[in-house]
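The file run-v2.pdb contains PDB, C-alpha atoms and all ligand atoms:
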```
ATOM      1  CA  MET Z1304       0.000   0.000   0.000  1.00  0.00           C
ATOM      2  CA  ARG Z1305       1.059   3.612  -0.499  1.00  0.00           C
ATOM      3  CA  GLN Z1306       2.486   5.479   2.443  1.00  0.00           C
ATOM      4  CA  LEU Z1307      -0.040   7.448   4.439  1.00  0.00           C
ATOM      5  CA  ILE Z1308       0.830  10.865   5.853  1.00  0.00           C
ATOM      6  CA  VAL Z1309      -1.671  12.282   8.326  1.00  0.00           C
ATOM      7  CA  GLY Z1310      -1.482  15.799   9.723  1.00  0.00           C
ATOM      8  CA  ASN Z1311      -2.969  16.321  13.175  1.00  0.00           C
ATOM      9  CA  TRP Z1312      -3.891  19.924  13.871  1.00  0.00           C
ATOM     10  CA  LYS Z1313      -5.058  19.139  17.430  1.00  0.00           C
ATOM     11  CA  MET Z1314      -6.840  22.202  18.961  1.00  0.00           C
ATOM     12  CA  ASN Z1315      -5.450  24.621  16.401  1.00  0.00           C
ATOM     13  CA  GLY Z1316      -7.068  26.261  13.416  1.00  0.00           C
ATOM     14  CA  LEU Z1317      -9.487  29.089  12.694  1.00  0.00           C
ATOM     15  CA  HIS Z1318     -11.211  30.365   9.582  1.00  0.00           C
ATOM     16  CA  SER Z1319      -8.127  32.518   9.007  1.00  0.00           C
ATOM     17  CA  ASP Z1320      -5.999  29.341   8.622  1.00  0.00           C
ATOM     18  CA  LEU Z1321      -7.898  28.020   5.596  1.00  0.00           C
ATOM     19  CA  GLY Z1322      -5.182  29.557   3.399  1.00  0.00           C
ATOM     20  CA  GLU Z1323      -2.699  27.131   4.951  1.00  0.00           C
ATOM     21  CA  ILE Z1324      -5.009  24.208   4.105  1.00  0.00           C
ATOM     22  CA  ASN Z1325      -5.343  25.537   0.580  1.00  0.00           C
ATOM     23  CA  ALA Z1326      -1.546  25.667   0.262  1.00  0.00           C
ATOM     24  CA  ILE Z1327      -1.215  22.090   1.601  1.00  0.00           C
ATOM     25  CA  ALA Z1328      -3.874  20.884  -0.859  1.00  0.00           C
ATOM     26  CA  ALA Z1329      -2.049  22.639  -3.704  1.00  0.00           C
ATOM     27  CA  SER Z1330       1.192  20.942  -2.785  1.00  0.00           C
ATOM     28  CA  VAL Z1331      -0.564  17.544  -2.731  1.00  0.00           C
ATOM     29  CA  ALA Z1332      -2.144  18.249  -6.144  1.00  0.00           C
ATOM     30  CA  MET Z1333       1.248  19.143  -7.605  1.00  0.00           C
ATOM     31  CA  ARG Z1334       2.816  15.745  -6.817  1.00  0.00           C
ATOM     32  CA  PRO Z1335       2.249  12.353  -8.405  1.00  0.00           C
ATOM     33  CA  PRO Z1336      -0.032  10.241  -6.198  1.00  0.00           C
ATOM     34  CA  GLY Z1337       2.867   8.365  -4.607  1.00  0.00           C
ATOM     35  CA  ALA Z1338       1.446   8.734  -1.119  1.00  0.00           C
ATOM     36  CA  GLU Z1339      -1.933   9.284   0.498  1.00  0.00           C
ATOM     37  CA  ILE Z1340      -2.165  12.562   2.407  1.00  0.00           C
ATOM     38  CA  ALA Z1341      -4.780  13.507   4.984  1.00  0.00           C
ATOM     39  CA  LEU Z1342      -5.218  16.435   7.328  1.00  0.00           C
ATOM     40  CA  CYS Z1343      -7.211  15.982  10.530  1.00  0.00           C
ATOM     41  CA  VAL Z1344      -8.593  19.253  11.846  1.00  0.00           C
ATOM     42  CA  PRO Z1345     -10.957  20.461  14.582  1.00  0.00           C
ATOM     43  CA  ALA Z1346     -14.592  19.578  13.820  1.00  0.00           C
ATOM     44  CA  THR Z1347     -15.458  23.265  13.455  1.00  0.00           C
ATOM     45  CA  LEU Z1348     -13.214  23.504  10.400  1.00  0.00           C
ATOM     46  CA  ILE Z1349     -13.991  20.215   8.636  1.00  0.00           C
ATOM     47  CA  SER Z1350     -16.635  21.302   6.120  1.00  0.00           C
ATOM     48  CA  ARG Z1351     -14.777  24.494   5.160  1.00  0.00           C
ATOM     49  CA  ALA Z1352     -11.497  22.567   4.932  1.00  0.00           C
ATOM     50  CA  VAL Z1353     -13.187  20.031   2.629  1.00  0.00           C
ATOM     51  CA  MET Z1354     -14.347  22.843   0.324  1.00  0.00           C
ATOM     52  CA  THR Z1355     -10.916  24.467   0.384  1.00  0.00           C
ATOM     53  CA  ALA Z1356      -9.038  21.207  -0.240  1.00  0.00           C
ATOM     54  CA  ALA Z1357     -11.372  20.413  -3.162  1.00  0.00           C
ATOM     55  CA  GLY Z1358     -10.792  16.665  -2.960  1.00  0.00           C
ATOM     56  CA  ARG Z1359      -7.031  16.860  -3.445  1.00  0.00           C
ATOM     57  CA  LEU Z1360      -6.340  16.322   0.213  1.00  0.00           C
ATOM     58  CA  ALA Z1361      -8.433  14.055   2.456  1.00  0.00           C
ATOM     59  CA  ILE Z1362      -9.818  15.909   5.471  1.00  0.00           C
ATOM     60  CA  GLY Z1363     -10.443  14.064   8.714  1.00  0.00           C
ATOM     61  CA  GLY Z1364     -11.597  14.447  12.298  1.00  0.00           C
ATOM     62  CA  GLU Z1365      -9.620  14.010  15.499  1.00  0.00           C
ATOM     63  CA  CYS Z1366     -12.006  11.772  17.464  1.00  0.00           C
ATOM     64  CA  CYS Z1367     -15.573  10.477  17.364  1.00  0.00           C
ATOM     65  CA  HIS Z1368     -18.219   9.040  19.661  1.00  0.00           C
ATOM     66  CA  ALA Z1369     -19.247   5.383  19.476  1.00  0.00           C
ATOM     67  CA  GLU Z1370     -22.988   6.045  19.044  1.00  0.00           C
ATOM     68  CA  ILE Z1371     -24.738   7.398  15.946  1.00  0.00           C
ATOM     69  CA  GLU Z1372     -26.717  10.060  17.844  1.00  0.00           C
ATOM     70  CA  GLY Z1373     -28.278  10.695  21.225  1.00  0.00           C
ATOM     71  CA  PRO Z1374     -27.945  12.493  24.555  1.00  0.00           C
ATOM     72  CA  TYR Z1375     -24.169  13.025  24.496  1.00  0.00           C
ATOM     73  CA  THR Z1376     -23.669  16.773  24.861  1.00  0.00           C
ATOM     74  CA  GLY Z1377     -20.589  18.025  23.092  1.00  0.00           C
ATOM     75  CA  GLU Z1378     -19.859  14.771  21.296  1.00  0.00           C
ATOM     76  CA  ILE Z1379     -19.612  14.157  17.552  1.00  0.00           C
ATOM     77  CA  SER Z1380     -20.517  10.881  15.863  1.00  0.00           C
ATOM     78  CA  ALA Z1381     -18.636   9.237  13.023  1.00  0.00           C
ATOM     79  CA  GLU Z1382     -21.722   9.780  10.846  1.00  0.00           C
ATOM     80  CA  MET Z1383     -21.564  13.522  11.604  1.00  0.00           C
ATOM     81  CA  LEU Z1384     -17.913  13.628  10.546  1.00  0.00           C
ATOM     82  CA  VAL Z1385     -18.858  11.923   7.265  1.00  0.00           C
ATOM     83  CA  ASP Z1386     -21.742  14.355   6.866  1.00  0.00           C
ATOM     84  CA  ALA Z1387     -19.239  17.227   7.178  1.00  0.00           C
ATOM     85  CA  GLY Z1388     -17.093  15.658   4.457  1.00  0.00           C
ATOM     86  CA  ALA Z1389     -14.453  13.864   6.552  1.00  0.00           C
ATOM     87  CA  ARG Z1390     -12.884  10.740   5.134  1.00  0.00           C
ATOM     88  CA  CYS Z1391     -10.826   9.628   8.115  1.00  0.00           C
ATOM     89  CA  VAL Z1392     -10.487  10.075  11.857  1.00  0.00           C
ATOM     90  CA  ILE Z1393      -7.721   9.823  14.445  1.00  0.00           C
ATOM     91  CA  LEU Z1394      -8.764   7.603  17.360  1.00  0.00           C
ATOM     92  CA  GLY Z1395      -7.251   6.971  20.785  1.00  0.00           C
ATOM     93  CA  HIS Z1396      -4.627   9.691  20.541  1.00  0.00           C
ATOM     94  CA  SER Z1397      -2.577   9.694  23.751  1.00  0.00           C
ATOM     95  CA  GLU Z1398      -3.762  13.220  24.560  1.00  0.00           C
ATOM     96  CA  ARG Z1399      -7.357  11.930  24.583  1.00  0.00           C
ATOM     97  CA  ARG Z1400      -6.445   8.715  26.353  1.00  0.00           C
ATOM     98  CA  SER Z1401      -4.995  10.771  29.203  1.00  0.00           C
ATOM     99  CA  ALA Z1402      -7.105  13.960  29.278  1.00  0.00           C
ATOM    100  CA  ASN Z1403     -10.437  12.317  28.386  1.00  0.00           C
ATOM    101  CA  SER Z1404      -9.783   8.934  30.038  1.00  0.00           C
ATOM    102  CA  GLU Z1405     -10.342   7.027  26.799  1.00  0.00           C
ATOM    103  CA  THR Z1406      -9.815   3.322  27.520  1.00  0.00           C
ATOM    104  CA  ASN Z1407      -8.843   0.618  25.055  1.00  0.00           C
ATOM    105  CA  SER Z1408     -12.407  -0.700  24.901  1.00  0.00           C
ATOM    106  CA  TYR Z1409     -13.752   2.826  24.328  1.00  0.00           C
ATOM    107  CA  VAL Z1410     -11.255   3.339  21.499  1.00  0.00           C
ATOM    108  CA  ALA Z1411     -12.308  -0.018  19.986  1.00  0.00           C
ATOM    109  CA  ALA Z1412     -15.970   1.084  20.155  1.00  0.00           C
ATOM    110  CA  THR Z1413     -15.131   4.321  18.342  1.00  0.00           C
ATOM    111  CA  ALA Z1414     -13.176   2.338  15.735  1.00  0.00           C
ATOM    112  CA  ARG Z1415     -16.254   0.150  15.126  1.00  0.00           C
ATOM    113  CA  ALA Z1416     -18.279   3.369  14.790  1.00  0.00           C
ATOM    114  CA  ALA Z1417     -15.821   4.762  12.237  1.00  0.00           C
ATOM    115  CA  ALA Z1418     -16.047   1.528  10.209  1.00  0.00           C
ATOM    116  CA  ARG Z1419     -19.862   1.643  10.417  1.00  0.00           C
ATOM    117  CA  ALA Z1420     -19.831   5.184   8.992  1.00  0.00           C
ATOM    118  CA  GLY Z1421     -17.247   4.394   6.301  1.00  0.00           C
ATOM    119  CA  LEU Z1422     -14.442   6.477   7.798  1.00  0.00           C
ATOM    120  CA  SER Z1423     -10.934   5.103   7.832  1.00  0.00           C
ATOM    121  CA  ALA Z1424      -9.365   5.270  11.284  1.00  0.00           C
ATOM    122  CA  ILE Z1425      -5.858   5.904  12.524  1.00  0.00           C
ATOM    123  CA  ILE Z1426      -5.775   4.078  15.859  1.00  0.00           C
ATOM    124  CA  CYS Z1427      -3.025   5.425  18.114  1.00  0.00           C
ATOM    125  CA  ILE Z1428      -0.908   3.497  20.572  1.00  0.00           C
ATOM    126  CA  GLY Z1429       2.358   4.343  22.303  1.00  0.00           C
ATOM    127  CA  GLU Z1430       4.299   3.980  25.529  1.00  0.00           C
ATOM    128  CA  THR Z1431       4.666   6.568  28.296  1.00  0.00           C
ATOM    129  CA  PRO Z1432       8.103   7.936  29.235  1.00  0.00           C
ATOM    130  CA  GLY Z1433       8.078   5.669  32.319  1.00  0.00           C
ATOM    131  CA  GLN Z1434       7.336   2.564  30.253  1.00  0.00           C
ATOM    132  CA  HIS Z1435      10.084   3.583  27.854  1.00  0.00           C
ATOM    133  CA  ILE Z1436      12.587   3.791  30.699  1.00  0.00           C
ATOM    134  CA  ASP Z1437      11.558   0.660  32.574  1.00  0.00           C
ATOM    135  CA  GLY Z1438      11.515  -1.539  29.465  1.00  0.00           C
ATOM    136  CA  THR Z1439       7.758  -2.245  29.346  1.00  0.00           C
ATOM    137  CA  ALA Z1440       7.039  -0.310  26.127  1.00  0.00           C
ATOM    138  CA  LYS Z1441       6.268  -3.443  24.101  1.00  0.00           C
ATOM    139  CA  THR Z1442       3.961  -4.925  26.737  1.00  0.00           C
ATOM    140  CA  ALA Z1443       2.112  -1.601  26.964  1.00  0.00           C
ATOM    141  CA  CYS Z1444       1.752  -1.213  23.189  1.00  0.00           C
ATOM    142  CA  ARG Z1445       0.633  -4.830  22.718  1.00  0.00           C
ATOM    143  CA  ARG Z1446      -2.063  -4.367  25.380  1.00  0.00           C
ATOM    144  CA  GLN Z1447      -3.271  -1.155  23.732  1.00  0.00           C
ATOM    145  CA  LEU Z1448      -3.280  -2.697  20.280  1.00  0.00           C
ATOM    146  CA  LEU Z1449      -5.154  -5.880  21.250  1.00  0.00           C
ATOM    147  CA  GLY Z1450      -7.682  -3.834  23.247  1.00  0.00           C
ATOM    148  CA  SER Z1451      -8.199  -0.954  20.806  1.00  0.00           C
ATOM    149  CA  VAL Z1452      -8.218  -2.618  17.374  1.00  0.00           C
ATOM    150  CA  PRO Z1453     -11.533  -4.335  16.586  1.00  0.00           C
ATOM    151  CA  GLU Z1454     -11.344  -7.918  15.365  1.00  0.00           C
ATOM    152  CA  ARG Z1455     -11.788  -8.284  11.607  1.00  0.00           C
ATOM    153  CA  SER Z1456     -10.345  -4.806  10.944  1.00  0.00           C
ATOM    154  CA  SER Z1457      -9.056  -4.423   7.388  1.00  0.00           C
ATOM    155  CA  ALA Z1458      -6.148  -2.483   5.914  1.00  0.00           C
ATOM    156  CA  GLN Z1459      -8.685  -0.286   4.093  1.00  0.00           C
ATOM    157  CA  ALA Z1460     -10.420   0.561   7.353  1.00  0.00           C
ATOM    158  CA  ILE Z1461      -7.556   1.174   9.737  1.00  0.00           C
ATOM    159  CA  ALA Z1462      -3.935   2.174  10.160  1.00  0.00           C
ATOM    160  CA  ILE Z1463      -1.987   2.103  13.406  1.00  0.00           C
ATOM    161  CA  GLY Z1464      -0.309   5.278  14.654  1.00  0.00           C
ATOM    162  CA  TYR Z1465       2.645   4.359  16.855  1.00  0.00           C
ATOM    163  CA  GLU Z1466       3.500   7.442  18.907  1.00  0.00           C
ATOM    164  CA  PRO Z1467       5.878   7.160  21.854  1.00  0.00           C
ATOM    165  CA  LEU Z1468       4.471   9.759  24.256  1.00  0.00           C
ATOM    166  CA  TRP Z1469       7.924  11.098  25.070  1.00  0.00           C
ATOM    167  CA  ALA Z1470       8.475  11.923  21.399  1.00  0.00           C
ATOM    168  CA  ILE Z1471       5.251  13.909  20.914  1.00  0.00           C
ATOM    169  CA  GLY Z1472       5.951  17.616  20.640  1.00  0.00           C
ATOM    170  CA  SER Z1473       9.372  17.185  22.253  1.00  0.00           C
ATOM    171  CA  GLY Z1474      11.640  17.430  19.228  1.00  0.00           C
ATOM    172  CA  LYS Z1475      13.025  13.991  20.212  1.00  0.00           C
ATOM    173  CA  THR Z1476      12.564  10.847  18.142  1.00  0.00           C
ATOM    174  CA  PRO Z1477      13.649   7.270  18.818  1.00  0.00           C
ATOM    175  CA  ASP Z1478      16.760   6.035  16.980  1.00  0.00           C
ATOM    176  CA  PRO Z1479      15.904   4.521  13.593  1.00  0.00           C
ATOM    177  CA  ASP Z1480      16.690   0.990  14.845  1.00  0.00           C
ATOM    178  CA  GLU Z1481      14.332   1.525  17.814  1.00  0.00           C
ATOM    179  CA  ILE Z1482      11.563   2.561  15.406  1.00  0.00           C
ATOM    180  CA  VAL Z1483      12.153  -0.534  13.267  1.00  0.00           C
ATOM    181  CA  ASP Z1484      12.223  -2.783  16.333  1.00  0.00           C
ATOM    182  CA  MET Z1485       8.939  -1.366  17.637  1.00  0.00           C
ATOM    183  CA  HIS Z1486       7.190  -1.408  14.244  1.00  0.00           C
ATOM    184  CA  THR Z1487       8.318  -5.017  13.669  1.00  0.00           C
ATOM    185  CA  PHE Z1488       6.892  -5.924  17.063  1.00  0.00           C
ATOM    186  CA  ILE Z1489       3.610  -4.099  16.278  1.00  0.00           C
ATOM    187  CA  ARG Z1490       3.441  -5.992  12.973  1.00  0.00           C
ATOM    188  CA  ARG Z1491       3.686  -9.290  14.892  1.00  0.00           C
ATOM    189  CA  CYS Z1492       0.906  -8.178  17.259  1.00  0.00           C
ATOM    190  CA  LEU Z1493      -1.308  -7.209  14.297  1.00  0.00           C
ATOM    191  CA  VAL Z1494      -0.849 -10.642  12.705  1.00  0.00           C
ATOM    192  CA  GLU Z1495      -1.505 -12.329  16.042  1.00  0.00           C
ATOM    193  CA  HIS Z1496      -4.706 -10.275  16.408  1.00  0.00           C
ATOM    194  CA  LEU Z1497      -6.043 -10.164  12.849  1.00  0.00           C
ATOM    195  CA  GLY Z1498      -4.380 -13.019  10.955  1.00  0.00           C
ATOM    196  CA  PRO Z1499      -3.113 -12.422   7.384  1.00  0.00           C
ATOM    197  CA  GLU Z1500      -4.734  -8.957   7.186  1.00  0.00           C
ATOM    198  CA  GLY Z1501      -2.291  -7.912   9.904  1.00  0.00           C
ATOM    199  CA  HIS Z1502       0.531  -8.152   7.351  1.00  0.00           C
ATOM    200  CA  VAL Z1503      -0.827  -5.285   5.234  1.00  0.00           C
ATOM    201  CA  ILE Z1504      -2.156  -2.743   7.736  1.00  0.00           C
ATOM    202  CA  ARG Z1505      -0.029   0.397   7.661  1.00  0.00           C
ATOM    203  CA  ILE Z1506       1.881   1.311  10.787  1.00  0.00           C
ATOM    204  CA  LEU Z1507       2.536   5.062  10.934  1.00  0.00           C
ATOM    205  CA  TYR Z1508       5.254   6.529  13.101  1.00  0.00           C
ATOM    206  CA  GLY Z1509       4.339   9.694  15.022  1.00  0.00           C
ATOM    207  CA  GLY Z1510       6.208  12.004  17.390  1.00  0.00           C
ATOM    208  CA  SER Z1511       8.264  15.032  16.288  1.00  0.00           C
ATOM    209  CA  VAL Z1512       8.256  14.104  12.597  1.00  0.00           C
ATOM    210  CA  ASP Z1513       9.439  17.025  10.478  1.00  0.00           C
ATOM    211  CA  GLY Z1514      10.883  17.742   7.069  1.00  0.00           C
ATOM    212  CA  GLU Z1515      14.390  16.902   8.255  1.00  0.00           C
ATOM    213  CA  ASN Z1516      13.830  13.497   9.805  1.00  0.00           C
ATOM    214  CA  ALA Z1517      10.978  12.366   7.522  1.00  0.00           C
ATOM    215  CA  PRO Z1518      13.220  11.044   4.689  1.00  0.00           C
ATOM    216  CA  THR Z1519      15.048   8.756   7.151  1.00  0.00           C
ATOM    217  CA  ILE Z1520      11.977   7.655   9.107  1.00  0.00           C
ATOM    218  CA  LEU Z1521       9.786   7.015   6.055  1.00  0.00           C
ATOM    219  CA  ALA Z1522      12.487   4.859   4.431  1.00  0.00           C
ATOM    220  CA  LEU Z1523      12.630   2.450   7.400  1.00  0.00           C
ATOM    221  CA  PRO Z1524      11.219  -1.068   7.040  1.00  0.00           C
ATOM    222  CA  GLU Z1525       7.680  -1.468   8.439  1.00  0.00           C
ATOM    223  CA  VAL Z1526       7.079   2.305   8.470  1.00  0.00           C
ATOM    224  CA  GLY Z1527       3.942   2.836   6.399  1.00  0.00           C
ATOM    225  CA  GLY Z1528       3.713   6.576   6.867  1.00  0.00           C
ATOM    226  CA  ALA Z1529       3.686   9.260   9.525  1.00  0.00           C
ATOM    227  CA  LEU Z1530       1.374  11.065  11.906  1.00  0.00           C
ATOM    228  CA  VAL Z1531       2.507  14.671  12.039  1.00  0.00           C
ATOM    229  CA  GLY Z1532       1.459  17.230  14.650  1.00  0.00           C
ATOM    230  CA  GLY Z1533       3.386  20.500  14.886  1.00  0.00           C
ATOM    231  CA  ALA Z1534       4.954  20.281  11.439  1.00  0.00           C
ATOM    232  CA  SER Z1535       1.531  19.923   9.772  1.00  0.00           C
ATOM    233  CA  LEU Z1536       0.419  23.368  10.952  1.00  0.00           C
ATOM    234  CA  SER Z1537       2.440  25.183   8.332  1.00  0.00           C
ATOM    235  CA  ALA Z1538       2.151  24.344   4.651  1.00  0.00           C
ATOM    236  CA  ASP Z1539       5.899  24.828   4.166  1.00  0.00           C
ATOM    237  CA  HIS Z1540       6.868  22.383   6.903  1.00  0.00           C
ATOM    238  CA  PHE Z1541       4.194  19.832   6.026  1.00  0.00           C
ATOM    239  CA  GLU Z1542       5.173  20.024   2.369  1.00  0.00           C
ATOM    240  CA  ALA Z1543       8.682  18.837   3.281  1.00  0.00           C
ATOM    241  CA  VAL Z1544       7.170  15.697   4.865  1.00  0.00           C
ATOM    242  CA  ILE Z1545       4.813  15.181   1.906  1.00  0.00           C
ATOM    243  CA  LYS Z1546       7.825  15.461  -0.427  1.00  0.00           C
ATOM    244  CA  ALA Z1547       9.692  12.782   1.518  1.00  0.00           C
ATOM    245  CA  ALA Z1548       6.705  10.430   1.238  1.00  0.00           C
ATOM    246  CA  SER Z1549       6.007  11.139  -2.437  1.00  0.00           C
ATOM    247  CA  GLY Z1550       9.620  10.779  -3.465  1.00  0.00           C
ATOM    248  CA  CYS Z1551       9.669  14.275  -5.014  1.00  0.00           C
TER     249      CYS Z1551
HETATM  250  P1  LIG U   1       4.143  16.163  16.986  1.00  0.00           P
HETATM  251  O1  LIG U   1       2.707  15.509  17.339  1.00  0.00           O
HETATM  252  O2  LIG U   1       4.424  15.832  15.549  1.00  0.00           O
HETATM  253  O3  LIG U   1       3.952  17.626  17.231  1.00  0.00           O
HETATM  254  O4  LIG U   1       5.129  15.532  17.900  1.00  0.00           O
HETATM  255  C1  LIG U   1       2.355  14.256  16.853  1.00  0.00           C
HETATM  256  C2  LIG U   1       1.003  13.837  17.374  1.00  0.00           C
HETATM  257  O5  LIG U   1       0.702  14.077  18.548  1.00  0.00           O
HETATM  258  O6  LIG U   1       0.189  13.263  16.626  1.00  0.00           O
END
```
Would you write the structure of this file as structure tokens?
Amino acid sequence: MRQLIVGNWKMNGLHSDLGEINAIAASVAMRPPGAEIALCVPATLISRAVMTAAGRLAIGGECCHAEIEGPYTGEISAEMLVDAGARCVILGHSERRSANSETNSYVAATARAAARAGLSAIICIGETPGQHIDGTAKTACRRQLLGSVPERSSAQAIAIGYEPLWAIGSGKTPDPDEIVDMHTFIRRCLVEHLGPEGHVIRILYGGSVDGENAPTILALPEVGGALVGGASLSADHFEAVIKAASGC
């Protein structure tokens, strides 16, 4: 499968930033379709971002609720994201797992909701700094993966975002051999969990990806793309990552 690059704008973005989305879409349109590019933005921006991107760049959401509709004040369903024009959604990001107490089973329920609505999902996993130091990163990621990825998930429906929490927004990334080791381990867990389909699901690396490190990271075995926070906020910086994935 082609590499998948997903920008994550988090709680950033106003009407005045649509020009940046337009510039990102233009840079995607300019390149041969060597990679799939998506930009996940706050729900308030989705429909305007979809109009601005004009189909050249997939627009996505940053979370969704498990139910279709109902008495859940402040929540947004997967169907609502689709209605706004979203094509994908980030699920179980570590910031939501910690600040909103999202559990593995909750993330799995939202992933089933995304599949029900026809959204592709980027399901995030990743170890805490403590788990990184005490050598339990793999155990932690395996538990998250088995608990958060619904059985019978397909490579069309999901990708895994592996984001070590200590690398998010810190400017630090694991060494390339650590990334390969972790992605190879995640691959094994996917096959254990999903059978042959586990061989083809993309595993994205996330955490301080930028234009400088993207060429190295994206060339590593078992890296199927990247989840990009800070560097996706500016068209210039995100373009450098898109270039690395598209090969030009
Ligand atoms: P970062 O964020 O690229 O700013 O480290 C990545 C993420 O949280 O998805």
Can you give me, as a list of chain:residue names, the residues this file yields under the PyMOL selection byres (((chain Z and resi 1541-1545) around 8) and not hetatm)?
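On this input, the PyMOL selection byres (((chain Z and resi 1541-1545) around 8) and not hetatm) captures Z:Ile1308, Z:Gly1310, Z:Ile1327, Z:Ser1330, Z:Val1331, Z:Ala1338, Z:Ile1340, Z:Val1512, Z:Asp1513, Z:Gly1514, Z:Glu1515, Z:Ala1517, Z:Pro1518, Z:Ala1534, Z:Ser1535, Z:Leu1536, Z:Ser1537, Z:Ala1538, Z:Asp1539, Z:His1540, Z:Lys1546, Z:Ala1547, Z:Ala1548, Z:Ser1549.
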What does the list of residues within 7 Å of ligand LIG 1 (chain U) look like if you count all atoms listed in the file, written as number ranges by chain?
Z: 1311, 1470-1474, 1509-1512, 1530-1534
Chain and number of each residue from the PyMOL selection byres (((chain Z and resi 1482) around 10) and not hetatm), as a count of residues only:
20
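Between Leu1342 in chain Z and the residues Z:Cys1444, Z:Ala1420, Z:Ala1460, Z:Ala1529, the shortest atom-to-atom distance, using all atoms listed in the file, involves Z:Ala1529.
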I'd like the interatomic distance between CA of Ala1381 in chain Z and CA of Ile1324 in chain Z, to a tenth of an Å.
22.1 Å
When the PyMOL selection byres (((chain Z and resi 1350-1364) around 6) and not hetatm) is applied to the structure above, which residues does it catch, written out as a PyMOL selection string?
chain Z and resi 1325+1328+1332+1341-1344+1348-1349+1365-1366+1387-1392
Using all atoms listed in the file - which residues lie no farther than 6 Å from the point (3.8, 2.9, 4.2) in the file's frame? Write them as a ChimeraX atom specification.
/Z:1305-1307,1505,1526-1528
Quick one: distance from CA of Glu1398 in chain Z to CA of Leu1507 in chain Z in Å, one decimal?
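Calculated distance between CA of Glu1398 in chain Z and CA of Leu1507 in chain Z is 17.1 Å.
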Counting only C-alpha atoms, which of Z:Ile1504, Z:Ser1423, Z:Gly1550, Z:Asp1437 gets nearest to Ala1522 in chain Z?
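Ranked by minimum distance to Ala1522 in chain Z, first place goes to Z:Gly1550.
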Among listed residues Z:His1496, Z:Arg1415, Z:His1435, Z:Lys1475, nearest Leu1449 in chain Z (using only C-alpha atoms):
Z:His1496
Do you know which residues are at most 10 Å from Arg1400 in chain Z counting all atoms listed in the file, after dropping those on the same chain fewer than 6 positions away, and could you put them as an NGL selection string?
:Z and (1394 or 1406-1407 or 1409-1410 or 1427-1428)
Same residues, C-alpha atoms, output as a PDB file, in the frame of the given file:
```
ATOM      1  CA  LEU Z1394      -8.764   7.603  17.360  1.00  0.00           C
ATOM      2  CA  THR Z1406      -9.815   3.322  27.520  1.00  0.00           C
ATOM      3  CA  ASN Z1407      -8.843   0.618  25.055  1.00  0.00           C
ATOM      4  CA  TYR Z1409     -13.752   2.826  24.328  1.00  0.00           C
ATOM      5  CA  VAL Z1410     -11.255   3.339  21.499  1.00  0.00           C
ATOM      6  CA  CYS Z1427      -3.025   5.425  18.114  1.00  0.00           C
ATOM      7  CA  ILE Z1428      -0.908   3.497  20.572  1.00  0.00           C
TER       8      ILE Z1428
END
```
Would you kindly return, as a compact mmCIF listing (two decimals) with C-alpha atoms, in the frame of the given file, each protein, DNA or RNA residue with an atom no farther than 8 Å from any atom of Thr1431 in chain Z, considering all atoms listed in the file and excluding same-chain residues fewer than 2 positions away?
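File written: out.txt
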```txt
# COMPACT_ATOMS: atom_id res chain seq x y z
CA GLY Z 1429 2.36 4.34 22.30
CA GLY Z 1433 8.08 5.67 32.32
CA GLN Z 1434 7.34 2.56 30.25
CA HIS Z 1435 10.08 3.58 27.85
CA ALA Z 1440 7.04 -0.31 26.13
CA PRO Z 1467 5.88 7.16 21.85
CA LEU Z 1468 4.47 9.76 24.26
CA TRP Z 1469 7.92 11.10 25.07
```
Report, in Å to a single decimal, how far apart CA of Ala1458 in chain Z and CA of Ile1379 in chain Z are.
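Between CA of Ile1379 in chain Z and CA of Ala1458 in chain Z the gap works out to 24.4 Å.
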Shortest contact to Thr1347 in chain Z, candidates Z:His1318, Z:His1368, Z:Arg1334, Z:Arg1491, atoms counted only C-alpha atoms, goes to Z:His1318
Determine the axis-aligned bounding box of all atoms of range 1538-1550 of chain Z present in the file, pad each side by 8 Å, and express its centre and edge lengths in Å to one decimal place as JSON.
```
{"center_x": 5.9, "center_y": 17.6, "center_z": 1.7, "size_x": 23.5, "size_y": 30.4, "size_z": 26.4}
```
